[in-house]
Each structure stands twice: as structure tokens, then as C-alpha cells.
Amino acid sequence: MSETTHLSLLYDSAADLQSRDVAELHDYWRSKLGGRAMPRPSDVDPADLPHLLPSLVMADYTDNPFRVRYCLVGSTHVHYSGEDFTGRFLDELGWSEKGFVATLHDTMYRTHAPVFGRYEWDFRESLAGFSEFGCFPLSEDGTTVTRGIGLDDYSFFEQQLGRAR
């Protein structure tokens with residue numbers, strides 16, 4: 001396993017995943033490749049995965065400077081972050097884990113490949129939240145990553161809280 005920040009890390013590959021939901025989104029993303037390195041944003045419809053919608057997030061990417069703007073934020077993200085960050089840029093958010101989240105987006109943007117891992121964030125009074133994630137690149141032109149779709153699986157954290165799905 002590679003990059004580490006506290007208990008946050010990027011996995012070396014999808015083989016390190018434990019999350020069935022992230023693996024399902026990975027399978028869906030691969031089914032949309034159509035012989036290309038990355039699917040087009042129009043190839044991916046979050047409504048195809050209704051049971052995953054609460055845990056999905058989509059982001060648009062801009063260059064010069066590189067920025068991440070969230071265009072879809074599932075209700076589970078809103079619940080655990082305590083805010084709806086739809087329409088906001090990552091660099092505007094006051095998250096303690098913002099540096100790690102920026103690293104995962106930057107890695108996917110540079111490599112044009114999915115990024116998997118787990119991260120930890122400040123949840124509530126001395127309780128750290130955590131999730132396993134996958135983030136998948138999308139491209140309008142097949143060369144530049146213009147959007148990403150990701151999923152955070154909070155089920156392991158919810159089990160710790162006694163809120164198993």
C-alpha cells in the first residue's frame with residue numbers, strides 16, 4: 001500500500017479492496033470503457049446504480065490551476081460531512097482530510113486510472129470517521145480527465161457505530 005496520512009492511504013490496486021460497493025462501481029465503470037482508456041461522462045449514469053446513489057460523489061476538474069468542483073454529492077456524504085458541498089470546490093472546504101482528498105483526485109487526474117483506498121476524517125467529539133473509496137476517471141476527449149465518479153463505503157464505520165445496513 002502506498003501513500004499514507006494518519007490512517008488514510010491509497011491502495012496499490014483494486015485487489016486491496018474489501019468493499020463490495022466500490023468493487024461494483026469499478027465493474028460498472030469498466031463496462032462503460034468501450035475500448036477506451038476512460039468512459040465519457042455521458043456514458044455513466046448514476047441512476048443506473050440506484051442503491052449506490054447515497055454514497056456516490058461526482059466531481060468536475062479544471063486545469064490551470066487544477067481544481068476539484070463537486071457536482072453530485074450523495075445523501076450519505078452529506079450526513080457524514082455535516083454539509084451539502086454540491087457546487088463547491090474542494091479547496092474551499094474546511095476539512096481536516098482535505099490534503100489527502102486532493103492527493104487522491106490529483107493522482108487519478110495525472111494517471112488517468114482509478115484510485116482506491118481508505119481515509120479517516122474528524123467525525124464528532126474525538127470519534128474518527130472512516131471509509132473505503134474508489135474514484136474513477138471520465139473523459140470527454142479520451143485523453144484529459146474532465147470528471148470523476150467515486151464512491152465512499154461507510155459500512156465498516158457504520159458497523160462500529162452500531163448502524164449496520
# chains A, B, ... in the order shown; residues from 1 in each chain; ligands from 1
>>> residues_around(residues="Gly117 in chain A", least_positions_apart="6", cutoff="12 Å", atoms="only C-alpha atoms", output="PyMOL selection string")
chain A and resi 1-5+7-19+22-23+100-101+103-105+107+130-135+150-153
>>> write_last_selection(atoms="C-alpha atoms", output="compact mmCIF listing (two decimals), in the first residue's frame")
# COMPACT_ATOMS: atom_id res chain seq x y z
CA MET A 1 0.00 0.00 0.00
CA SER A 2 1.34 3.40 -0.92
CA GLU A 3 0.61 6.99 0.18
CA THR A 4 -0.28 7.35 3.89
CA THR A 5 -1.68 10.16 6.07
CA LEU A 7 -4.94 6.09 8.81
CA SER A 8 -5.66 7.36 5.30
CA LEU A 9 -3.94 5.62 2.43
CA LEU A 10 -4.07 4.92 -1.27
CA TYR A 11 -4.12 1.24 -2.16
CA ASP A 12 -1.68 -0.20 -4.67
CA SER A 13 -4.55 -1.80 -6.59
CA ALA A 14 -8.21 -2.78 -6.52
CA ALA A 15 -7.09 -6.14 -5.14
CA ASP A 16 -6.73 -4.46 -1.72
CA LEU A 17 -10.45 -3.54 -1.62
CA GLN A 18 -12.82 -5.04 0.92
CA SER A 19 -15.87 -3.03 -0.18
CA VAL A 22 -16.67 0.06 -4.54
CA ALA A 23 -15.98 -3.15 -6.48
CA PHE A 100 -5.45 13.64 1.36
CA VAL A 101 -8.62 14.08 -0.73
CA THR A 103 -3.96 13.87 -3.39
CA LEU A 104 -6.40 11.17 -4.48
CA HIS A 105 -8.04 13.46 -7.05
CA THR A 107 -3.41 11.04 -8.60
CA PHE A 130 -13.51 6.35 8.04
CA SER A 131 -14.49 4.89 4.71
CA GLU A 132 -13.08 2.83 1.89
CA PHE A 133 -13.32 4.51 -1.51
CA GLY A 134 -12.84 4.22 -5.22
CA CYS A 135 -12.59 7.15 -7.62
CA GLY A 150 -16.45 8.00 -6.79
CA LEU A 151 -17.98 6.03 -4.00
CA ASP A 152 -17.25 6.06 -0.31
CA ASP A 153 -18.30 2.91 1.52
>>> residues_around(residues="range 86-89 of chain A", least_positions_apart="5", cutoff="10 Å", atoms="only C-alpha atoms", output="list of chain:residue names")
A:Val57, A:Met58, A:Ala59, A:Asp60, A:Tyr61, A:Arg67, A:Val68, A:Arg69, A:Tyr70, A:Cys71, A:Leu72, A:Val73, A:Gly74, A:Val78
>>> write_last_selection(atoms="N, CA and C atoms", output="PDB file, in the first residue's frame")
ATOM      1  N   VAL A  57     -20.363  10.271  -5.366  1.00  0.00           N
ATOM      2  CA  VAL A  57     -19.959  11.660  -5.499  1.00  0.00           C
ATOM      3  C   VAL A  57     -19.386  11.815  -6.907  1.00  0.00           C
ATOM      4  N   MET A  58     -19.674  12.954  -7.538  1.00  0.00           N
ATOM      5  CA  MET A  58     -19.087  13.263  -8.839  1.00  0.00           C
ATOM      6  C   MET A  58     -18.430  14.620  -8.750  1.00  0.00           C
ATOM      7  N   ALA A  59     -17.299  14.737  -9.447  1.00  0.00           N
ATOM      8  CA  ALA A  59     -16.557  15.989  -9.427  1.00  0.00           C
ATOM      9  C   ALA A  59     -16.109  16.351 -10.836  1.00  0.00           C
ATOM     10  N   ASP A  60     -16.122  17.645 -11.116  1.00  0.00           N
ATOM     11  CA  ASP A  60     -15.567  18.187 -12.356  1.00  0.00           C
ATOM     12  C   ASP A  60     -14.167  18.679 -12.043  1.00  0.00           C
ATOM     13  N   TYR A  61     -13.289  18.601 -13.048  1.00  0.00           N
ATOM     14  CA  TYR A  61     -11.907  19.041 -12.872  1.00  0.00           C
ATOM     15  C   TYR A  61     -11.607  20.195 -13.815  1.00  0.00           C
ATOM     16  N   ARG A  67      -8.320  22.254 -10.122  1.00  0.00           N
ATOM     17  CA  ARG A  67      -9.301  22.381  -9.049  1.00  0.00           C
ATOM     18  C   ARG A  67     -10.353  21.290  -9.185  1.00  0.00           C
ATOM     19  N   VAL A  68     -10.944  20.939  -8.052  1.00  0.00           N
ATOM     20  CA  VAL A  68     -11.972  19.910  -7.970  1.00  0.00           C
ATOM     21  C   VAL A  68     -13.261  20.583  -7.527  1.00  0.00           C
ATOM     22  N   ARG A  69     -14.324  20.466  -8.342  1.00  0.00           N
ATOM     23  CA  ARG A  69     -15.628  21.033  -8.003  1.00  0.00           C
ATOM     24  C   ARG A  69     -16.652  19.901  -7.960  1.00  0.00           C
ATOM     25  N   TYR A  70     -17.314  19.759  -6.819  1.00  0.00           N
ATOM     26  CA  TYR A  70     -18.288  18.677  -6.632  1.00  0.00           C
ATOM     27  C   TYR A  70     -19.607  19.029  -7.305  1.00  0.00           C
ATOM     28  N   CYS A  71     -20.079  18.144  -8.195  1.00  0.00           N
ATOM     29  CA  CYS A  71     -21.333  18.407  -8.913  1.00  0.00           C
ATOM     30  C   CYS A  71     -22.451  17.459  -8.493  1.00  0.00           C
ATOM     31  N   LEU A  72     -22.123  16.393  -7.780  1.00  0.00           N
ATOM     32  CA  LEU A  72     -23.133  15.479  -7.242  1.00  0.00           C
ATOM     33  C   LEU A  72     -22.594  14.951  -5.919  1.00  0.00           C
ATOM     34  N   VAL A  73     -23.394  15.071  -4.884  1.00  0.00           N
ATOM     35  CA  VAL A  73     -22.993  14.601  -3.555  1.00  0.00           C
ATOM     36  C   VAL A  73     -24.150  13.796  -2.985  1.00  0.00           C
ATOM     37  N   GLY A  74     -23.920  12.512  -2.750  1.00  0.00           N
ATOM     38  CA  GLY A  74     -24.955  11.646  -2.204  1.00  0.00           C
ATOM     39  C   GLY A  74     -25.304  11.990  -0.766  1.00  0.00           C
ATOM     40  N   VAL A  78     -23.421  13.808   2.635  1.00  0.00           N
ATOM     41  CA  VAL A  78     -23.948  14.987   3.331  1.00  0.00           C
ATOM     42  C   VAL A  78     -24.087  14.688   4.822  1.00  0.00           C
TER      43      VAL A  78
END
>>> select_by_dssp(residues="range 7-65 of chain A", states="helix (DSSP H, G or I)", output="ChimeraX atom specification")
/A:14-16,20-31,41-43,46-48,50-55
>>> write_last_selection(atoms="N, CA and C atoms", output="PDB file, in the first residue's frame")
ATOM      1  N   ALA A  14      -6.855  -2.411  -6.927  1.00  0.00           N
ATOM      2  CA  ALA A  14      -8.212  -2.782  -6.520  1.00  0.00           C
ATOM      3  C   ALA A  14      -8.220  -4.084  -5.740  1.00  0.00           C
ATOM      4  N   ALA A  15      -7.169  -4.862  -5.860  1.00  0.00           N
ATOM      5  CA  ALA A  15      -7.091  -6.140  -5.144  1.00  0.00           C
ATOM      6  C   ALA A  15      -7.100  -5.943  -3.626  1.00  0.00           C
ATOM      7  N   ASP A  16      -6.744  -4.741  -3.161  1.00  0.00           N
ATOM      8  CA  ASP A  16      -6.728  -4.458  -1.720  1.00  0.00           C
ATOM      9  C   ASP A  16      -8.110  -4.113  -1.167  1.00  0.00           C
ATOM     10  N   ARG A  20     -17.616  -4.290  -1.265  1.00  0.00           N
ATOM     11  CA  ARG A  20     -18.359  -4.800  -2.421  1.00  0.00           C
ATOM     12  C   ARG A  20     -18.946  -3.657  -3.240  1.00  0.00           C
ATOM     13  N   ASP A  21     -19.370  -2.569  -2.573  1.00  0.00           N
ATOM     14  CA  ASP A  21     -19.954  -1.440  -3.296  1.00  0.00           C
ATOM     15  C   ASP A  21     -18.930  -0.764  -4.207  1.00  0.00           C
ATOM     16  N   VAL A  22     -17.712  -0.550  -3.704  1.00  0.00           N
ATOM     17  CA  VAL A  22     -16.666   0.055  -4.536  1.00  0.00           C
ATOM     18  C   VAL A  22     -16.333  -0.887  -5.691  1.00  0.00           C
ATOM     19  N   ALA A  23     -16.248  -2.185  -5.418  1.00  0.00           N
ATOM     20  CA  ALA A  23     -15.980  -3.154  -6.477  1.00  0.00           C
ATOM     21  C   ALA A  23     -17.096  -3.137  -7.526  1.00  0.00           C
ATOM     22  N   GLU A  24     -18.335  -2.956  -7.095  1.00  0.00           N
ATOM     23  CA  GLU A  24     -19.454  -2.891  -8.039  1.00  0.00           C
ATOM     24  C   GLU A  24     -19.342  -1.660  -8.937  1.00  0.00           C
ATOM     25  N   LEU A  25     -19.005  -0.506  -8.354  1.00  0.00           N
ATOM     26  CA  LEU A  25     -18.830   0.701  -9.164  1.00  0.00           C
ATOM     27  C   LEU A  25     -17.648   0.516 -10.124  1.00  0.00           C
ATOM     28  N   HIS A  26     -16.594  -0.143  -9.669  1.00  0.00           N
ATOM     29  CA  HIS A  26     -15.449  -0.422 -10.537  1.00  0.00           C
ATOM     30  C   HIS A  26     -15.879  -1.281 -11.727  1.00  0.00           C
ATOM     31  N   ASP A  27     -16.661  -2.323 -11.475  1.00  0.00           N
ATOM     32  CA  ASP A  27     -17.165  -3.175 -12.556  1.00  0.00           C
ATOM     33  C   ASP A  27     -18.034  -2.371 -13.532  1.00  0.00           C
ATOM     34  N   TYR A  28     -18.893  -1.508 -12.999  1.00  0.00           N
ATOM     35  CA  TYR A  28     -19.754  -0.657 -13.826  1.00  0.00           C
ATOM     36  C   TYR A  28     -18.897   0.255 -14.702  1.00  0.00           C
ATOM     37  N   TRP A  29     -17.901   0.922 -14.114  1.00  0.00           N
ATOM     38  CA  TRP A  29     -17.004   1.824 -14.832  1.00  0.00           C
ATOM     39  C   TRP A  29     -16.300   1.070 -15.969  1.00  0.00           C
ATOM     40  N   ARG A  30     -15.785  -0.126 -15.665  1.00  0.00           N
ATOM     41  CA  ARG A  30     -15.100  -0.925 -16.690  1.00  0.00           C
ATOM     42  C   ARG A  30     -16.058  -1.318 -17.810  1.00  0.00           C
ATOM     43  N   SER A  31     -17.333  -1.573 -17.477  1.00  0.00           N
ATOM     44  CA  SER A  31     -18.312  -1.947 -18.504  1.00  0.00           C
ATOM     45  C   SER A  31     -18.604  -0.792 -19.455  1.00  0.00           C
ATOM     46  N   PRO A  41     -18.173  11.089 -19.723  1.00  0.00           N
ATOM     47  CA  PRO A  41     -19.146  11.370 -18.662  1.00  0.00           C
ATOM     48  C   PRO A  41     -20.569  10.971 -19.058  1.00  0.00           C
ATOM     49  N   SER A  42     -20.914  11.138 -20.325  1.00  0.00           N
ATOM     50  CA  SER A  42     -22.275  10.798 -20.773  1.00  0.00           C
ATOM     51  C   SER A  42     -22.528   9.294 -20.796  1.00  0.00           C
ATOM     52  N   ASP A  43     -21.460   8.483 -20.723  1.00  0.00           N
ATOM     53  CA  ASP A  43     -21.611   7.029 -20.689  1.00  0.00           C
ATOM     54  C   ASP A  43     -22.042   6.531 -19.311  1.00  0.00           C
ATOM     55  N   PRO A  46     -25.501   7.831 -12.947  1.00  0.00           N
ATOM     56  CA  PRO A  46     -25.662   7.382 -11.565  1.00  0.00           C
ATOM     57  C   PRO A  46     -26.995   6.690 -11.305  1.00  0.00           C
ATOM     58  N   ALA A  47     -28.015   7.015 -12.083  1.00  0.00           N
ATOM     59  CA  ALA A  47     -29.326   6.379 -11.906  1.00  0.00           C
ATOM     60  C   ALA A  47     -29.288   4.890 -12.255  1.00  0.00           C
ATOM     61  N   ASP A  48     -28.240   4.451 -12.957  1.00  0.00           N
ATOM     62  CA  ASP A  48     -28.079   3.019 -13.243  1.00  0.00           C
ATOM     63  C   ASP A  48     -27.771   2.227 -11.973  1.00  0.00           C
ATOM     64  N   PRO A  50     -29.040   2.782  -8.510  1.00  0.00           N
ATOM     65  CA  PRO A  50     -29.842   3.492  -7.512  1.00  0.00           C
ATOM     66  C   PRO A  50     -29.476   3.146  -6.067  1.00  0.00           C
ATOM     67  N   HIS A  51     -29.100   1.911  -5.795  1.00  0.00           N
ATOM     68  CA  HIS A  51     -28.753   1.518  -4.435  1.00  0.00           C
ATOM     69  C   HIS A  51     -27.416   2.116  -3.986  1.00  0.00           C
ATOM     70  N   LEU A  52     -26.600   2.602  -4.931  1.00  0.00           N
ATOM     71  CA  LEU A  52     -25.322   3.226  -4.577  1.00  0.00           C
ATOM     72  C   LEU A  52     -25.403   4.752  -4.521  1.00  0.00           C
ATOM     73  N   LEU A  53     -26.487   5.332  -5.028  1.00  0.00           N
ATOM     74  CA  LEU A  53     -26.611   6.797  -5.105  1.00  0.00           C
ATOM     75  C   LEU A  53     -26.274   7.532  -3.805  1.00  0.00           C
ATOM     76  N   PRO A  54     -26.735   7.080  -2.639  1.00  0.00           N
ATOM     77  CA  PRO A  54     -26.413   7.836  -1.417  1.00  0.00           C
ATOM     78  C   PRO A  54     -24.906   7.948  -1.135  1.00  0.00           C
ATOM     79  N   SER A  55     -24.132   7.023  -1.668  1.00  0.00           N
ATOM     80  CA  SER A  55     -22.688   7.016  -1.401  1.00  0.00           C
ATOM     81  C   SER A  55     -21.857   7.528  -2.567  1.00  0.00           C
TER      82      SER A  55
END
>>> closest_residue(among="A:Thr143, A:Gly35, A:His79, A:Pro65", to="Asp91 in chain A", atoms="only C-alpha atoms")
A:Pro65
>>> atom_distance(atom1="CA of Arg36 in chain A", atom2="CA of Phe116 in chain A")
20.3 Å
>>> atom_distance(atom1="CA of Ile149 in chain A", atom2="CA of Gly82 in chain A")
20.6 Å
>>> select_by_dssp(residues="chain A", states="strand (DSSP E)", output="JSON, numbers by chain")
{"A": [4, 5, 8, 9, 10, 56, 57, 58, 59, 60, 61, 62, 67, 68, 69, 70, 71, 72, 73, 115, 116, 117, 118, 119, 120, 121, 122, 123, 124, 127, 128, 129, 130, 131, 132, 133, 134, 135, 136, 137, 138, 147, 148, 149, 150, 151, 152, 153]}
>>> write_last_selection(atoms="C-alpha atoms", output="tab-separated table (two decimals), in the first residue's frame")
chain	number	residue	atom	x	y	z
A	4	THR	CA	-0.28	7.35	3.89
A	5	THR	CA	-1.68	10.16	6.07
A	8	SER	CA	-5.66	7.36	5.30
A	9	LEU	CA	-3.94	5.62	2.43
A	10	LEU	CA	-4.07	4.92	-1.27
A	56	LEU	CA	-21.79	8.45	-4.82
A	57	VAL	CA	-19.96	11.66	-5.50
A	58	MET	CA	-19.09	13.26	-8.84
A	59	ALA	CA	-16.56	15.99	-9.43
A	60	ASP	CA	-15.57	18.19	-12.36
A	61	TYR	CA	-11.91	19.04	-12.87
A	62	THR	CA	-10.44	22.30	-14.11
A	67	ARG	CA	-9.30	22.38	-9.05
A	68	VAL	CA	-11.97	19.91	-7.97
A	69	ARG	CA	-15.63	21.03	-8.00
A	70	TYR	CA	-18.29	18.68	-6.63
A	71	CYS	CA	-21.33	18.41	-8.91
A	72	LEU	CA	-23.13	15.48	-7.24
A	73	VAL	CA	-22.99	14.60	-3.56
A	115	VAL	CA	-7.71	5.26	-7.35
A	116	PHE	CA	-8.67	3.12	-4.37
A	117	GLY	CA	-8.01	3.47	-0.66
A	118	ARG	CA	-9.39	4.40	2.71
A	119	TYR	CA	-9.43	7.64	4.60
A	120	GLU	CA	-10.18	8.93	8.03
A	121	TRP	CA	-11.81	12.23	8.96
A	122	ASP	CA	-12.89	14.08	12.10
A	123	PHE	CA	-16.45	12.95	12.73
A	124	ARG	CA	-17.66	14.08	16.13
A	127	LEU	CA	-14.52	9.99	17.10
A	128	ALA	CA	-12.76	9.48	13.77
A	129	GLY	CA	-14.89	8.51	10.82
A	130	PHE	CA	-13.51	6.35	8.04
A	131	SER	CA	-14.49	4.89	4.71
A	132	GLU	CA	-13.08	2.83	1.89
A	133	PHE	CA	-13.32	4.51	-1.51
A	134	GLY	CA	-12.84	4.22	-5.22
A	135	CYS	CA	-12.59	7.15	-7.62
A	136	PHE	CA	-12.88	6.63	-11.40
A	137	PRO	CA	-11.84	8.96	-14.24
A	138	LEU	CA	-14.13	10.10	-17.04
A	147	ARG	CA	-14.79	14.40	-14.38
A	148	GLY	CA	-14.55	11.73	-11.73
A	149	ILE	CA	-17.15	9.48	-10.17
A	150	GLY	CA	-16.45	8.00	-6.79
A	151	LEU	CA	-17.98	6.03	-4.00
A	152	ASP	CA	-17.25	6.06	-0.31
A	153	ASP	CA	-18.30	2.91	1.52
